[in-house]
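Peer 1: This one is query30.cif, mmCIF, C-alpha atoms.
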data_run
loop_
_atom_site.group_PDB
_atom_site.id
_atom_site.type_symbol
_atom_site.label_atom_id
_atom_site.label_comp_id
_atom_site.auth_asym_id
_atom_site.auth_seq_id
_atom_site.Cartn_x
_atom_site.Cartn_y
_atom_site.Cartn_z
ATOM 1 C CA MET A 64 3.573 2.366 -20.684
ATOM 2 C CA THR A 65 0.936 1.879 -17.959
ATOM 3 C CA HIS A 66 1.313 -1.910 -18.191
ATOM 4 C CA ARG A 67 5.095 -1.623 -18.024
ATOM 5 C CA ARG A 68 4.853 0.462 -14.857
ATOM 6 C CA LEU A 69 2.351 -1.918 -13.269
ATOM 7 C CA ALA A 70 4.765 -4.763 -14.009
ATOM 8 C CA ARG A 71 7.351 -2.970 -11.873
ATOM 9 C CA VAL A 72 4.974 -3.090 -8.898
ATOM 10 C CA PHE A 73 3.519 -6.580 -9.340
ATOM 11 C CA ALA A 74 5.744 -9.663 -9.426
ATOM 12 C CA PRO A 75 5.472 -12.164 -12.321
ATOM 13 C CA ASP A 76 2.908 -14.149 -10.298
ATOM 14 C CA GLY A 77 0.613 -11.103 -10.371
ATOM 15 C CA LYS A 78 0.980 -10.439 -6.651
ATOM 16 C CA THR A 79 2.769 -7.739 -4.709
ATOM 17 C CA LEU A 80 4.298 -6.971 -1.337
ATOM 18 C CA ILE A 81 4.386 -3.196 -1.005
ATOM 19 C CA VAL A 82 6.164 -1.591 1.943
ATOM 20 C CA ALA A 83 4.366 1.644 2.806
ATOM 21 C CA PHE A 84 7.130 4.024 3.867
ATOM 22 C CA ASP A 85 5.393 7.378 3.507
ATOM 23 C CA HIS A 86 4.548 8.050 7.153
ATOM 24 C CA GLY A 87 7.311 10.639 7.475
ATOM 25 C CA ALA A 88 4.957 13.005 5.643
ATOM 26 C CA GLY A 89 2.877 12.899 8.814
ATOM 27 C CA GLY A 90 5.890 13.447 11.063
ATOM 28 C CA ALA A 91 6.744 9.818 11.943
ATOM 29 C CA ASN A 92 10.392 9.754 13.005
ATOM 30 C CA TYR A 93 10.635 6.686 15.226
ATOM 31 C CA ALA A 94 11.414 2.953 14.861
ATOM 32 C CA GLY A 95 12.233 2.135 11.238
ATOM 33 C CA MET A 96 11.445 5.689 10.126
ATOM 34 C CA ALA A 97 14.289 6.980 12.295
ATOM 35 C CA ASP A 98 16.875 5.297 10.043
ATOM 36 C CA PRO A 99 15.371 5.217 6.549
ATOM 37 C CA ALA A 100 18.488 3.942 4.804
ATOM 38 C CA ARG A 101 18.849 0.932 7.082
ATOM 39 C CA THR A 102 15.154 0.060 6.905
ATOM 40 C CA LEU A 103 14.958 0.391 3.135
ATOM 41 C CA ARG A 104 18.044 -1.778 2.631
ATOM 42 C CA GLU A 105 16.574 -4.427 4.907
ATOM 43 C CA VAL A 106 13.097 -4.608 3.363
ATOM 44 C CA VAL A 107 14.414 -4.637 -0.201
ATOM 45 C CA ALA A 108 16.906 -7.383 0.631
ATOM 46 C CA ALA A 109 14.091 -9.369 2.270
ATOM 47 C CA GLY A 110 11.976 -9.389 -0.875
ATOM 48 C CA ALA A 111 9.740 -6.309 -1.039
ATOM 49 C CA ASP A 112 8.270 -5.883 -4.519
ATOM 50 C CA ALA A 113 7.671 -2.143 -4.230
ATOM 51 C CA VAL A 114 7.976 0.786 -1.840
ATOM 52 C CA LEU A 115 5.305 3.430 -1.347
ATOM 53 C CA THR A 116 7.023 6.577 -0.190
ATOM 54 C CA THR A 117 7.528 10.338 -0.465
ATOM 55 C CA VAL A 118 9.452 12.819 -2.568
ATOM 56 C CA GLY A 119 11.924 13.365 0.281
ATOM 57 C CA VAL A 120 12.756 9.680 0.644
ATOM 58 C CA VAL A 121 13.235 9.290 -3.104
ATOM 59 C CA ARG A 122 15.520 12.327 -3.277
ATOM 60 C CA HIS A 123 17.774 11.156 -0.456
ATOM 61 C CA HIS A 124 17.498 7.362 -0.580
ATOM 62 C CA GLY A 125 16.229 6.585 -4.069
ATOM 63 C CA HIS A 126 19.342 4.597 -4.952
ATOM 64 C CA LEU A 127 18.384 2.036 -2.293
ATOM 65 C CA ILE A 128 15.077 1.194 -3.966
ATOM 66 C CA GLU A 129 16.093 1.324 -7.621
ATOM 67 C CA ARG A 130 15.448 -2.378 -8.233
ATOM 68 C CA VAL A 131 11.899 -2.434 -6.845
ATOM 69 C CA GLY A 132 8.711 -0.681 -7.875
ATOM 70 C CA LEU A 133 8.246 2.916 -6.731
ATOM 71 C CA ILE A 134 4.851 4.281 -5.671
ATOM 72 C CA LEU A 135 4.747 7.959 -4.771
ATOM 73 C CA ASN A 136 2.385 9.422 -2.186
ATOM 74 C CA LEU A 137 0.261 12.125 -3.865
ATOM 75 C CA ASP A 138 -2.069 12.720 -0.913
ATOM 76 C CA ARG A 139 -1.006 16.222 0.028
ATOM 77 C CA LEU A 140 -1.498 17.928 -3.306
ATOM 78 C CA VAL A 141 -1.230 21.702 -3.293
ATOM 79 C CA GLY A 142 -2.087 23.797 -6.300
ATOM 80 C CA SER A 143 -1.760 21.884 -9.553
ATOM 81 C CA PRO A 144 -2.220 18.077 -9.518
ATOM 82 C CA GLU A 145 -0.730 18.088 -13.012
ATOM 83 C CA TYR A 146 2.550 19.357 -11.635
ATOM 84 C CA ALA A 147 2.545 16.690 -8.895
ATOM 85 C CA VAL A 148 2.107 13.943 -11.502
ATOM 86 C CA GLU A 149 4.868 15.395 -13.682
ATOM 87 C CA ASP A 150 7.144 15.532 -10.643
ATOM 88 C CA ALA A 151 6.351 11.909 -9.772
ATOM 89 C CA LEU A 152 7.326 10.831 -13.276
ATOM 90 C CA ARG A 153 10.531 12.860 -13.166
ATOM 91 C CA LEU A 154 11.428 11.010 -9.957
ATOM 92 C CA GLY A 155 10.870 7.674 -11.683
ATOM 93 C CA ALA A 156 7.579 6.672 -10.042
ATOM 94 C CA ASP A 157 5.785 3.610 -11.380
ATOM 95 C CA MET A 158 2.516 4.523 -9.664
ATOM 96 C CA GLY A 159 0.889 7.274 -7.622
ATOM 97 C CA LYS A 160 -1.221 6.823 -4.497
ATOM 98 C CA PHE A 161 -4.092 8.975 -3.256
ATOM 99 C CA VAL A 162 -6.386 8.571 -0.225
ATOM 100 C CA CYS A 163 -10.090 8.937 -0.983
ATOM 101 C CA THR A 164 -12.545 9.268 1.914
ATOM 102 C CA PRO A 165 -16.140 8.842 0.692
ATOM 103 C CA TRP A 166 -18.870 10.324 2.937
ATOM 104 C CA SER A 167 -16.382 12.491 4.822
ATOM 105 C CA PRO A 168 -17.977 15.680 6.193
ATOM 106 C CA ASP A 169 -14.496 17.087 6.878
ATOM 107 C CA ASN A 170 -13.193 16.417 3.371
ATOM 108 C CA PRO A 171 -16.225 16.658 1.077
ATOM 109 C CA THR A 172 -14.139 17.170 -2.084
ATOM 110 C CA SER A 173 -12.163 13.929 -1.656
ATOM 111 C CA VAL A 174 -14.100 11.953 -4.283
ATOM 112 C CA HIS A 175 -13.910 14.828 -6.781
ATOM 113 C CA GLU A 176 -10.151 15.183 -6.192
ATOM 114 C CA ALA A 177 -9.589 11.466 -6.735
ATOM 115 C CA ARG A 178 -11.590 11.570 -9.973
ATOM 116 C CA ARG A 179 -9.604 14.523 -11.275
ATOM 117 C CA LEU A 180 -6.274 13.001 -10.300
ATOM 118 C CA SER A 181 -7.110 9.674 -11.951
ATOM 119 C CA ALA A 182 -7.823 11.493 -15.220
ATOM 120 C CA ILE A 183 -4.512 13.364 -15.027
ATOM 121 C CA CYS A 184 -2.618 10.165 -14.260
ATOM 122 C CA ARG A 185 -4.197 8.430 -17.256
ATOM 123 C CA ALA A 186 -3.207 11.324 -19.495
ATOM 124 C CA TRP A 187 0.418 10.874 -18.397
ATOM 125 C CA GLY A 188 0.391 7.068 -18.344
ATOM 126 C CA LEU A 189 0.952 6.847 -14.578
ATOM 127 C CA PRO A 190 -1.071 4.136 -12.809
ATOM 128 C CA LEU A 191 -2.942 5.295 -9.714
ATOM 129 C CA MET A 192 -3.604 3.444 -6.482
ATOM 130 C CA VAL A 193 -6.641 4.817 -4.646
ATOM 131 C CA GLU A 194 -6.743 4.096 -0.928
ATOM 132 C CA THR A 195 -10.439 4.053 -0.074
ATOM 133 C CA ILE A 196 -11.267 4.840 3.568
ATOM 134 C CA PRO A 197 -14.921 5.170 4.616
ATOM 135 C CA VAL A 198 -15.322 8.689 6.125
ATOM 136 C CA SER A 199 -11.837 8.852 7.740
ATOM 137 C CA PHE A 200 -9.131 6.760 9.358
ATOM 138 C CA GLN A 201 -10.430 7.798 12.772
ATOM 139 C CA ALA A 202 -14.115 7.043 12.086
ATOM 140 C CA VAL A 203 -13.739 3.325 12.797
ATOM 141 C CA GLU A 204 -17.475 2.971 13.425
ATOM 142 C CA HIS A 205 -17.913 3.394 9.656
ATOM 143 C CA HIS A 206 -15.310 0.729 8.801
ATOM 144 C CA THR A 207 -17.903 -2.009 8.396
ATOM 145 C CA PRO A 208 -17.621 -4.689 5.698
ATOM 146 C CA GLU A 209 -20.488 -3.057 3.808
ATOM 147 C CA LYS A 210 -18.959 0.442 3.844
ATOM 148 C CA ILE A 211 -15.449 -0.853 3.105
ATOM 149 C CA GLY A 212 -16.806 -2.642 0.038
ATOM 150 C CA GLN A 213 -18.827 0.360 -1.123
ATOM 151 C CA ALA A 214 -15.859 2.705 -0.741
ATOM 152 C CA ALA A 215 -13.660 0.325 -2.749
ATOM 153 C CA LYS A 216 -16.237 0.231 -5.539
ATOM 154 C CA ILE A 217 -16.342 4.026 -5.586
ATOM 155 C CA GLY A 218 -12.559 4.072 -5.938
ATOM 156 C CA GLU A 219 -12.675 1.745 -8.923
ATOM 157 C CA GLU A 220 -15.402 3.805 -10.589
ATOM 158 C CA LEU A 221 -13.270 6.934 -10.149
ATOM 159 C CA GLY A 222 -10.611 5.311 -12.321
ATOM 160 C CA ALA A 223 -8.224 3.583 -9.902
ATOM 161 C CA ASP A 224 -5.806 1.059 -11.369
ATOM 162 C CA VAL A 225 -5.307 -0.513 -7.933
ATOM 163 C CA ILE A 226 -7.438 -0.318 -4.788
ATOM 164 C CA LYS A 227 -5.868 -0.215 -1.335
ATOM 165 C CA MET A 228 -8.443 -1.031 1.326
ATOM 166 C CA HIS A 229 -9.102 -2.409 4.803
ATOM 167 C CA TYR A 230 -9.433 -6.098 5.415
ATOM 168 C CA THR A 231 -13.062 -6.619 6.442
ATOM 169 C CA GLY A 232 -12.339 -9.072 9.256
ATOM 170 C CA SER A 233 -13.187 -12.402 7.654
ATOM 171 C CA LEU A 234 -12.505 -14.273 4.452
ATOM 172 C CA GLU A 235 -16.195 -14.404 3.516
ATOM 173 C CA THR A 236 -16.952 -10.709 4.064
ATOM 174 C CA PHE A 237 -13.770 -9.696 2.235
ATOM 175 C CA ARG A 238 -14.568 -11.969 -0.691
ATOM 176 C CA GLN A 239 -18.006 -10.353 -0.888
ATOM 177 C CA ALA A 240 -16.504 -6.842 -0.675
ATOM 178 C CA ILE A 241 -14.095 -7.335 -3.560
ATOM 179 C CA ARG A 242 -16.289 -9.510 -5.782
ATOM 180 C CA PRO A 243 -17.655 -6.512 -7.779
ATOM 181 C CA LEU A 244 -14.154 -5.152 -8.449
ATOM 182 C CA SER A 245 -12.205 -5.629 -11.676
ATOM 183 C CA VAL A 246 -8.924 -4.033 -10.563
ATOM 184 C CA PRO A 247 -6.260 -5.543 -8.280
ATOM 185 C CA VAL A 248 -6.816 -5.128 -4.534
ATOM 186 C CA VAL A 249 -4.174 -4.792 -1.818
ATOM 187 C CA ILE A 250 -4.891 -4.482 1.871
ATOM 188 C CA LEU A 251 -3.534 -1.902 4.275
ATOM 189 C CA GLY A 252 -2.011 -2.790 7.609
ATOM 190 C CA GLY A 253 -3.422 -0.133 9.918
ATOM 191 C CA PRO A 254 -1.934 0.819 13.294
ATOM 192 C CA ALA A 255 1.162 -1.008 14.536
ATOM 193 C CA ARG A 256 0.286 -4.136 16.493
ATOM 194 C CA SER A 257 2.309 -6.156 18.985
ATOM 195 C CA ASP A 258 0.450 -9.283 17.849
ATOM 196 C CA THR A 259 2.305 -10.099 14.643
ATOM 197 C CA ARG A 260 0.323 -13.285 14.136
ATOM 198 C CA SER A 261 -2.923 -11.316 13.777
ATOM 199 C CA VAL A 262 -1.368 -9.297 10.933
ATOM 200 C CA LEU A 263 -0.300 -12.467 9.142
ATOM 201 C CA GLU A 264 -3.727 -14.026 9.679
ATOM 202 C CA GLU A 265 -5.391 -11.021 8.027
ATOM 203 C CA VAL A 266 -3.029 -11.212 5.074
ATOM 204 C CA ALA A 267 -3.612 -14.946 4.677
ATOM 205 C CA GLY A 268 -7.375 -14.395 4.781
ATOM 206 C CA ALA A 269 -7.223 -11.571 2.252
ATOM 207 C CA MET A 270 -5.070 -13.580 -0.157
ATOM 208 C CA ALA A 271 -7.356 -16.599 0.119
ATOM 209 C CA ALA A 272 -10.318 -14.337 -0.690
ATOM 210 C CA GLY A 273 -8.712 -12.914 -3.827
ATOM 211 C CA ALA A 274 -6.489 -9.985 -2.820
ATOM 212 C CA ARG A 275 -3.375 -9.482 -4.901
ATOM 213 C CA GLY A 276 -1.144 -8.381 -2.044
ATOM 214 C CA VAL A 277 -0.546 -5.822 0.659
ATOM 215 C CA ALA A 278 0.595 -2.238 1.153
ATOM 216 C CA ILE A 279 1.652 -2.335 4.799
ATOM 217 C CA GLY A 280 3.633 0.306 6.680
ATOM 218 C CA ARG A 281 3.824 0.444 10.464
ATOM 219 C CA ASN A 282 3.418 -3.291 10.889
ATOM 220 C CA ILE A 283 6.627 -3.627 8.863
ATOM 221 C CA TRP A 284 8.846 -0.632 9.620
ATOM 222 C CA ALA A 285 7.822 -0.431 13.302
ATOM 223 C CA HIS A 286 8.537 -4.156 13.750
ATOM 224 C CA GLU A 287 11.730 -5.014 15.617
ATOM 225 C CA HIS A 288 13.021 -6.756 12.480
ATOM 226 C CA PRO A 289 11.387 -5.200 9.382
ATOM 227 C CA GLY A 290 13.171 -7.553 7.004
ATOM 228 C CA ARG A 291 11.941 -10.639 8.804
ATOM 229 C CA MET A 292 8.405 -9.284 8.707
ATOM 230 C CA VAL A 293 8.736 -8.788 4.946
ATOM 231 C CA ALA A 294 10.017 -12.355 4.603
ATOM 232 C CA ALA A 295 7.033 -13.669 6.591
ATOM 233 C CA LEU A 296 4.558 -11.693 4.484
ATOM 234 C CA GLY A 297 6.280 -12.777 1.289
ATOM 235 C CA ALA A 298 6.000 -16.410 2.304
ATOM 236 C CA ILE A 299 2.211 -16.020 2.389
ATOM 237 C CA ILE A 300 1.801 -13.719 -0.606
ATOM 238 C CA HIS A 301 4.177 -15.383 -3.051
ATOM 239 C CA GLY A 302 4.778 -18.773 -1.482
ATOM 240 C CA GLY A 303 1.294 -19.707 -0.339
ATOM 241 C CA ALA A 304 2.611 -20.424 3.162
ATOM 242 C CA THR A 305 0.356 -21.016 6.139
ATOM 243 C CA VAL A 306 0.412 -18.574 9.017
ATOM 244 C CA ASP A 307 2.410 -21.061 11.090
ATOM 245 C CA GLU A 308 4.974 -21.387 8.303
ATOM 246 C CA ALA A 309 5.156 -17.612 7.940
ATOM 247 C CA MET A 310 5.677 -17.205 11.681
ATOM 248 C CA ARG A 311 8.781 -19.365 11.399
ATOM 249 C CA GLU A 312 10.230 -16.861 8.926
ATOM 250 C CA LEU A 313 10.384 -14.374 11.807
ATOM 251 C CA GLU A 314 12.965 -16.572 13.512
ATOM 252 C CA ARG A 315 15.255 -17.075 10.525
ATOM 253 C CA PRO A 316 18.302 -14.863 9.954
ATOM 254 C CA LEU A 317 18.102 -12.839 6.784
ATOM 255 C CA LEU A 318 20.602 -13.665 4.081
ATOM 256 C CA ALA A 319 22.775 -10.767 2.970
ATOM 257 C CA GLY A 320 21.657 -9.510 -0.408
ATOM 258 C CA ARG A 321 18.427 -11.504 -0.389
#
Can you dump the structure from the file as structure tokens?
Peer 2:
Amino acid sequence: MTHRRLARVFAPDGKTLIVAFDHGAGGANYAGMADPARTLREVVAAGADAVLTTVGVVRHHGHLIERVGLILNLDRLVGSPEYAVEDALRLGADMGKFVCTPWSPDNPTSVHEARRLSAICRAWGLPLMVETIPVSFQAVEHHTPEKIGQAAKIGEELGADVIKMHYTGSLETFRQAIRPLSVPVVILGGPARSDTRSVLEEVAGAMAAGARGVAIGRNIWAHEHPGRMVAALGAIIHGGATVDEAMRELERPLLAGR
């Protein structure tokens, strides 16, 4: 069952374009988050392989993402993690996602929580993506290639089926960071950027170094045309396009029902 669920997230070529659409849990209600139905229709039509989102989005807009993989955010667990996993399965999730922050003085139980959740997910046959962030999202001084790689390795050792991690800044340092890993790696997108080309360059570098895809949120749903951004990313991830070729996808009209 785990393999069947992973196959819903990863395309037949073994790669994946995941749209992270779980930022509403943190209060995001602007840009593409302000009209979830429209954004979800657009990114699915443009070729997203999976959507990472929340219970609320699935309850109200689940019919819009039925034909793509579903990853459910399990970050804000309260009480019983077992119940959260059961709920995810009832909602049809193909995978769960949990943020793990090694070395965090503010969240010292993060590694323990990730280990416990991975065991529960295995018991229920639900794959788990662990998003490994050195210390915290805000502690950017700790987001060095060395620490990013170490955090990713910790996530794998805790039992992750997929690692979501930062791009380290260069093809060589990223290749070195993921070399010890045996599970698929996807990169996160980080804060929204006006420089779309830089996002595509990071994705191209990560894919060339051995990543299996992306799990990007704000740099898709906060883009003026989320569907075109998905098409550009898909050209790199699944089509092997250059950054220049992917940039041209941003100018093309999207085909209805694509």
Peer 1: Applying the PyMOL selection byres ((chain A and resi 186-196) around 6) to the file I just gave you, which residues come out? Please list them as an MDAnalysis selection string.
Peer 2: chainID A and resid 65 158:164 183:185 197 199 214:215 223:228
Peer 1: Take the residues just selected and output them with C-alpha atoms as a JSON list (two decimals), in the frame of the given file.
Peer 2:
[["chain", "number", "residue", "atom", "x", "y", "z"],
["A", 65, "THR", "CA", 0.94, 1.88, -17.96],
["A", 158, "MET", "CA", 2.52, 4.52, -9.66],
["A", 159, "GLY", "CA", 0.89, 7.27, -7.62],
["A", 160, "LYS", "CA", -1.22, 6.82, -4.50],
["A", 161, "PHE", "CA", -4.09, 8.98, -3.26],
["A", 162, "VAL", "CA", -6.39, 8.57, -0.22],
["A", 163, "CYS", "CA", -10.09, 8.94, -0.98],
["A", 164, "THR", "CA", -12.54, 9.27, 1.91],
["A", 183, "ILE", "CA", -4.51, 13.36, -15.03],
["A", 184, "CYS", "CA", -2.62, 10.16, -14.26],
["A", 185, "ARG", "CA", -4.20, 8.43, -17.26],
["A", 197, "PRO", "CA", -14.92, 5.17, 4.62],
["A", 199, "SER", "CA", -11.84, 8.85, 7.74],
["A", 214, "ALA", "CA", -15.86, 2.70, -0.74],
["A", 215, "ALA", "CA", -13.66, 0.32, -2.75],
["A", 223, "ALA", "CA", -8.22, 3.58, -9.90],
["A", 224, "ASP", "CA", -5.81, 1.06, -11.37],
["A", 225, "VAL", "CA", -5.31, -0.51, -7.93],
["A", 226, "ILE", "CA", -7.44, -0.32, -4.79],
["A", 227, "LYS", "CA", -5.87, -0.22, -1.34],
["A", 228, "MET", "CA", -8.44, -1.03, 1.33]]
Peer 1: Got a sec: who's within 7 Å of range 247-258 of chain A, counting only C-alpha atoms, leaving out chain neighbours fewer than 3 positions off, as a PDB file with C-alpha atoms, in the frame of the given file?
Peer 2:
ATOM      1  CA  VAL A 225      -5.307  -0.513  -7.933  1.00  0.00           C
ATOM      2  CA  ILE A 226      -7.438  -0.318  -4.788  1.00  0.00           C
ATOM      3  CA  LYS A 227      -5.868  -0.215  -1.335  1.00  0.00           C
ATOM      4  CA  MET A 228      -8.443  -1.031   1.326  1.00  0.00           C
ATOM      5  CA  HIS A 229      -9.102  -2.409   4.803  1.00  0.00           C
ATOM      6  CA  TYR A 230      -9.433  -6.098   5.415  1.00  0.00           C
ATOM      7  CA  SER A 261      -2.923 -11.316  13.777  1.00  0.00           C
ATOM      8  CA  ALA A 274      -6.489  -9.985  -2.820  1.00  0.00           C
ATOM      9  CA  ARG A 275      -3.375  -9.482  -4.901  1.00  0.00           C
ATOM     10  CA  GLY A 276      -1.144  -8.381  -2.044  1.00  0.00           C
ATOM     11  CA  VAL A 277      -0.546  -5.822   0.659  1.00  0.00           C
ATOM     12  CA  ALA A 278       0.595  -2.238   1.153  1.00  0.00           C
ATOM     13  CA  ILE A 279       1.652  -2.335   4.799  1.00  0.00           C
ATOM     14  CA  GLY A 280       3.633   0.306   6.680  1.00  0.00           C
ATOM     15  CA  ARG A 281       3.824   0.444  10.464  1.00  0.00           C
ATOM     16  CA  ASN A 282       3.418  -3.291  10.889  1.00  0.00           C
ATOM     17  CA  ALA A 285       7.822  -0.431  13.302  1.00  0.00           C
TER      18      ALA A 285
END
Peer 1: Could you list the residues chosen by the PyMOL selection byres ((chain A and resi 98) around 12) in this structure as a PyMOL selection string?
Peer 2: chain A and resi 84+87+91-97+99-105+120+124+284-285+289
Peer 1: Please write the residues from the selection above to a file, keeping C-alpha atoms, as a short mmCIF file (atom, residue, chain, number, x, y, z; two decimals), in the frame of the given file.
Peer 2:
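The resulting file, again.cif, is reproduced below:
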data_model
loop_
_atom_site.label_atom_id
_atom_site.label_comp_id
_atom_site.auth_asym_id
_atom_site.auth_seq_id
_atom_site.Cartn_x
_atom_site.Cartn_y
_atom_site.Cartn_z
CA PHE A 84 7.13 4.02 3.87
CA GLY A 87 7.31 10.64 7.48
CA ALA A 91 6.74 9.82 11.94
CA ASN A 92 10.39 9.75 13.00
CA TYR A 93 10.64 6.69 15.23
CA ALA A 94 11.41 2.95 14.86
CA GLY A 95 12.23 2.13 11.24
CA MET A 96 11.44 5.69 10.13
CA ALA A 97 14.29 6.98 12.30
CA PRO A 99 15.37 5.22 6.55
CA ALA A 100 18.49 3.94 4.80
CA ARG A 101 18.85 0.93 7.08
CA THR A 102 15.15 0.06 6.90
CA LEU A 103 14.96 0.39 3.14
CA ARG A 104 18.04 -1.78 2.63
CA GLU A 105 16.57 -4.43 4.91
CA VAL A 120 12.76 9.68 0.64
CA HIS A 124 17.50 7.36 -0.58
CA TRP A 284 8.85 -0.63 9.62
CA ALA A 285 7.82 -0.43 13.30
CA PRO A 289 11.39 -5.20 9.38
#
Peer 1: Starting from the PyMOL selection byres ((chain A and resi 290) around 6), expand the selection into actual residues of this file and give them as a ChimeraX atom specification.
Peer 2: /A:105-106,109,288-289,291-293
Peer 1: Please, what distance in Å, to one decimal, runs between CA of Thr305 in chain A and CA of Met270 in chain A?
Peer 2: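 Distance between the two atoms: 11.2 Å.
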Peer 1: For the atom pair CA of Val114 in chain A and CA of Arg130 in chain A, what is the interatomic distance in Å to one decimal place?
Peer 2: 10.3 Å
Peer 1: Report the distance between CA of Leu137 in chain A and CA of Ile211 in chain A in Å, rounded to one decimal place.
Peer 2: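 CA of Ile211 in chain A lies 21.5 Å from CA of Leu137 in chain A.
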Peer 1: Counting all atoms listed in the file, figure out which residue out of A:Ile300, A:Ala294, A:Val246, A:Leu263 gets nearest to Asp76 in chain A.
Peer 2: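 For Asp76 in chain A, the nearest of the given residues is A:Ile300.
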Peer 1: From the options A:Leu135, A:Ala240, A:Leu115, A:Val174, which residue's atoms come nearest to Lys216 in chain A, counting only C-alpha atoms?
Peer 2: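 Closest to Lys216 in chain A, using only C-alpha atoms: A:Ala240.
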Peer 1: Using all atoms listed in the file and a cutoff of 10 Å, can you tell me which residues are near (0.1, -20.2, 14.0) in the file's coordinates, and write them out as an MDAnalysis selection string?
Peer 2: chainID A and resid 260:261 263:264 305:311
Peer 1: Between A:Val198, A:Gly155, A:Glu129, A:Thr259, which is the closest to Thr172 in chain A once you count all atoms listed in the file?
Peer 2: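 Closest residue, counting all atoms listed in the file: A:Val198.
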Peer 1: In terms of the shortest atom-to-atom distance over all atoms listed in the file, which of A:Arg178, A:Arg68, A:Arg315, A:Lys78 is closest to Leu133 in chain A?
Peer 2: A:Arg68
Peer 1: With 3 Å added on each side, what axis-aligned box encloses every listed atom of range 273-279 of chain A? Give the centre and edge lengths in Å to one decimal, as AutoDock Vina command-line options.
Peer 2:
--center_x -3.5 --center_y -7.6 --center_z -0.1 --size_x 16.4 --size_y 16.7 --size_z 15.7
